Amino acid sequence: MRMDEFEQRIVLMKGKMLVDPLQRILLLKEAAGFEAFEMLRVDRELIRFFTKSEALFKFFEELAAEQVDFDMLAQADAYAEFDRHLQILEQLQERYKVLLEAGGWTDRMFIPQTYTLNEGFVKGYEKIEIFLEGYLSHFELELLEKAAAHTTLIIHYTTSAFNRKMLERFEACGIGLQANRAVSFDLGSQKIVNDHPNTESIDAVVYSVEERDEQVALAFMKIEEMVQSGMAPEEIVLVLPDEDFKKHFMLFDTHNNLNFAMGYDYANGRIYRSLDALYRYWQKHDKESIALMERYGLMKEEINVLNADAQVRVERFFRFVQEINLLDAEKQERVEEKYRHFLTLFHKATLSYKEWLFLWLKTLSKITLDDVRGGKVTIMGVLETRGVSFRGVVIVDFNEGIVPATSSKDLFLNSAVRTFAGLPTRLDRESLQKQYYNRLLQQAESAAIIYSTSQSSLPSKFLYELGLEDVQRPKVPLSLLYDHPSQLREEEDPMVENFDAYAQTWSASRLKTYLECKRKYYYRYIKKIKAKEEDELNEGAFLHALLEELYREQSSYASEADLTRRLHALMDTLLPDEDAKSRYRKLLWREKLKGFVEKEIAHFKAEWYVAERELEVSGEIGGLKFKGRIDRIDQNATDTLVLDYKSGRVEKEPKRLNPEKISDFQMSIYHQLLQKRYQNISLAFVKILEKGEKQQVTLLEERNELLGEHIVKLKQTKSFVAEKCDDLQKCTYCEFALMCGRGEYL
């Protein structure tokens with residue numbers, strides 16, 4: 001049996017029942033309802049408390065398992081408020097214990113203080129043999145010593161440089177062991193039964209690849225080589241230090257050769273993700289969460305009928321989940337088990353819909369579904385490899401930060417306090433992981449270790465501790481991942497029949513698209529394919545909106561101070577301080593707009609004023625309908641100046657036009673549409689972030705003449721082939737690059 005199962009059988013808790021994992025969080029939250037607890041700065045609102053409670057329970061359980069009390073911790077000189085924080089934590093634990101006892105429960109943290117040894121179970125065996133791979137806490141060692149008083153208890157252990165902590169612990173029990181030995185000893189009599197050098201060595205080859213997913217193909221290749229050498233597939237293990245990587249192996253395991261020992265996460269399924277999308281919507285109510293929710297078939301209008309903060313019983317919550325067809329209890333046996341247990345556990349509780357959904361998602365996230373596809377090659381996480389051996393071993397992701405996994409930061413105790421109290425430190429935990437890898441590799445006949453260098457990743461330094469310094473860079477057989485024909489159908493250049501330029505209302509951007517790339521024109525204006533909306537703030541659009549508001553109520557400003565004050569106030573209104581990024585942007589723009597402010601005041605002192613903003617104009621040019629939206633029109637006593645804001649780079653005005661390179665006729669179109677309304681028109685680009693410089697548009701007559709030629713050709717065109725453009729630079733930021741197979745795409 002497994003070690004944890006053995007420990008459960010030899011421990012008796014008379015008259016007590018172990019508290020449910022969810023219920024213990026609610027009870028701890030209730031126990032935290034005292035004034036001093038606020039000093040720990042832990043939010044007691046359920047959803048936030050849930051995440052912090054894990055660290056609290058881990059802290060209490062570790063102290064209990066290592067038999068360290070608060071008095072011992074208090075002797076450590078840690079930081080000014082350390083003693084007070086310890087007192088608060090001790091008070092929290094006592095209040096929690098009172099609540100447990102009132103309900104007839106106990107918790108794992110109290111077992112070491114209150115258990116009774118199950119002597120009947122222990123005496124039922126003439127001998128108990130333990131094959132130890134991992135680490136024993138002081139409590140676990142005490143349990144084994146008590147069991148050894150009633151029957152023969154033999155421990156088999158392989159020592160190394162990576163389990164010194166355990167060697168120190170055995171030495172304290174009177175059993176001295178040396179490193180790199182295979183030993184067996186009787187815990188009761190403290191006598192060595194067997195002791196010989198560990199002669200097992202590591203026969204492993206280290207491989208380096210560039211991209212992370214290349215490891216998948218290389219792992220398949222190494223497994224195939226092991227099978228070809230005579231190993232049975234059942235004797236081979238693929239180890240995933242980062243278990244999230246299993247999604248990639250699932251995707252490419254088209255022949256079902258793999259057996260995922262850790263199972264499939266229910267959280268990756270449609271039901272869970274739909275509920276998670278709903279929870280995100282209730283949390284944020286932003287555009288992104290609405291889009292995600294609706295993608296899973298939940299309509300905002302239907303969901304908003306319900307008040308997510310309304311307090312209800314658990315039965316009402318599940319009726320709602322059933323109404324939106326996301327209960328899944330009838331189809332999945334394990335979901336039904338959790339559902340029944342949830343109803344029983346919380347039958348008296350009242351929470352908001354949002355809180356119920358949070359707890360239900362946490363419950364569902366623990367469900368794993370067995371892999372029943374029949375694969376023969378086992379996939380495991382590193383902890384699952386304890387106590388088992390394989391002839392063939394393949395390990396991927398052998399990178400720094402992943403092997404060994406970096407421990408999460410301790411919320412309460414630093415390394416100095418841990419060392420003082422004899423608690424395992426971060427280095428001890430990492431050494432334990434190293435021992436698991438070491439034993440797995442020592443027992444294998446053949447092993448392949450793979451790491452990637454993508455995103456500047458480094459190989460694990462643990463490789464050098466294992467003496468594996470030589471690295472091979474093989475040619476990766478990517479055909480193993482992409483051995484099926486491409487499902488992308490090569491599209492012939494579409495033919496646009498019955499093209500009628502007169503039927504369209506043209507704009508500068510529409511004409512520019514037509515002249516530059518017929519395929520882009522076809523996708524955008526004929527097929528009407530819309531680009532994906534960007535969540536990121538568009539700098540150009542923001543600055544346009546800012547300057548429109550700037551001149552909404554005032555057509556000019558008398559001083560730089562007035563203009564700057566108004567500009568900053570508008571910026572704060574249009575872009576609130578939501579995060580550090582927003583604050584940084586505002587500081588940057590304020591600095592960059594100083595030159596713009598200076599130029600604007602000089603412009604107004606020359607008796608110009610803003611006559612129009614965001615003016616929509618339309619009319620005919622050469623017999624075709626055109627429209628435009630002009631950023632700004634300024635006037636003085638005699639002249640009109642048409643301005644177009646630019647936040648990016650502006651091409652310098654040429655000394656003479658090259659007709660083949662001119663496709664943007666924005667200013668010519670504005671000039672033609674405005675010339676009947678205004679006199680003495682000149683046009684300029686305002687380089688907003690380049691000290692507000694105004695760049696005059698030149699060669700206007702030549703531009704107008706060239707525009708006229710294009711209009712004549714448009715009117716004569718009755719059909720055209722929607723070919724891709726020849727200038728690949730234009731594809732870099734085109735929204736249709738993927739559809740055209742251009743640019744950097746997968």
# chains A, B, ... in the order shown; residues from 1 in each chain; ligands from 1

$ residues_around --residues "Pro197 in chain A" --least-positions-apart "3" --cutoff "9 Å" --atoms "only C-alpha atoms" --output "number ranges by chain"
A: 179-183, 200

$ residues_around --residues "Leu587 in chain A" --least-positions-apart "4" --cutoff "12 Å" --atoms "only C-alpha atoms" --output "ChimeraX atom specification"
/A:568,571-572,575,577,580-583,591-594

$ closest_residue --among "A:Gly648, A:Pro241, A:Gly619, A:Gly708" --to "Gln675 in chain A" --atoms "only C-alpha atoms"
A:Gly619

$ select_by_dssp --residues "range 16-106 of chain A" --states "strand (DSSP E or B)" --output "list in words"
Met17, Leu18, Trp105 and Thr106 of chain A

$ write_last_selection --atoms "N, CA and C atoms" --output "mmCIF file, in the first residue's frame"
data_model
loop_
_atom_site.group_PDB
_atom_site.id
_atom_site.type_symbol
_atom_site.label_atom_id
_atom_site.label_comp_id
_atom_site.auth_asym_id
_atom_site.auth_seq_id
_atom_site.Cartn_x
_atom_site.Cartn_y
_atom_site.Cartn_z
ATOM 1 N N MET A 17 -14.492 13.217 13.411
ATOM 2 C CA MET A 17 -14.574 13.039 11.963
ATOM 3 C C MET A 17 -13.743 14.145 11.305
ATOM 4 N N LEU A 18 -12.986 13.773 10.272
ATOM 5 C CA LEU A 18 -12.136 14.758 9.602
ATOM 6 C C LEU A 18 -13.003 15.773 8.862
ATOM 7 N N TRP A 105 -15.765 17.637 14.806
ATOM 8 C CA TRP A 105 -14.763 17.415 13.753
ATOM 9 C C TRP A 105 -13.345 17.557 14.312
ATOM 10 N N THR A 106 -12.418 17.156 13.486
ATOM 11 C CA THR A 106 -11.016 17.466 13.735
ATOM 12 C C THR A 106 -10.378 17.849 12.408
#

$ atom_distance --atom1 "CA of Phe542 in chain A" --atom2 "CA of Arg613 in chain A"
15.1 Å

$ closest_residue --among "A:Asp493, A:Glu235, A:Asp83, A:Glu211" --to "Leu478 in chain A" --atoms "only C-alpha atoms"
A:Glu211

$ closest_residue --among "A:Ser460, A:Ser647, A:Thr363, A:Ser454" --to "Pro404 in chain A" --atoms "only C-alpha atoms"
A:Ser460

$ closest_atom_pairs --of "range 82-104 of chain A" --to "range 2-16 of chain A" --cutoff "10 Å" --atoms "only C-alpha atoms" --output "Markdown table"
| residue | atom | partner | partner_atom | distance |
| --- | --- | --- | --- | --- |
| A:Leu100 | CA | A:Lys16 | CA | 9.6 |
| A:Glu101 | CA | A:Lys16 | CA | 8.5 |
| A:Gly103 | CA | A:Lys16 | CA | 9.3 |
| A:Gly104 | CA | A:Lys16 | CA | 5.7 |

$ select_by_dssp --residues "range 141-366 of chain A" --states "helix (DSSP H, G or I)" --output "ChimeraX atom specification"
/A:141-148,164-172,214-228,233-235,243-252,266-268,270-284,287-295,300-303,314-323,333-345,353-364

$ residues_around --residues "Arg703 in chain A" --least-positions-apart "6" --cutoff "8 Å" --atoms "only C-alpha atoms" --output "ChimeraX atom specification"
/A:657,665,668

$ closest_residue --among "A:Phe462, A:Glu30, A:Asp71, A:Tyr135" --to "Arg44 in chain A" --atoms "only C-alpha atoms"
A:Glu30
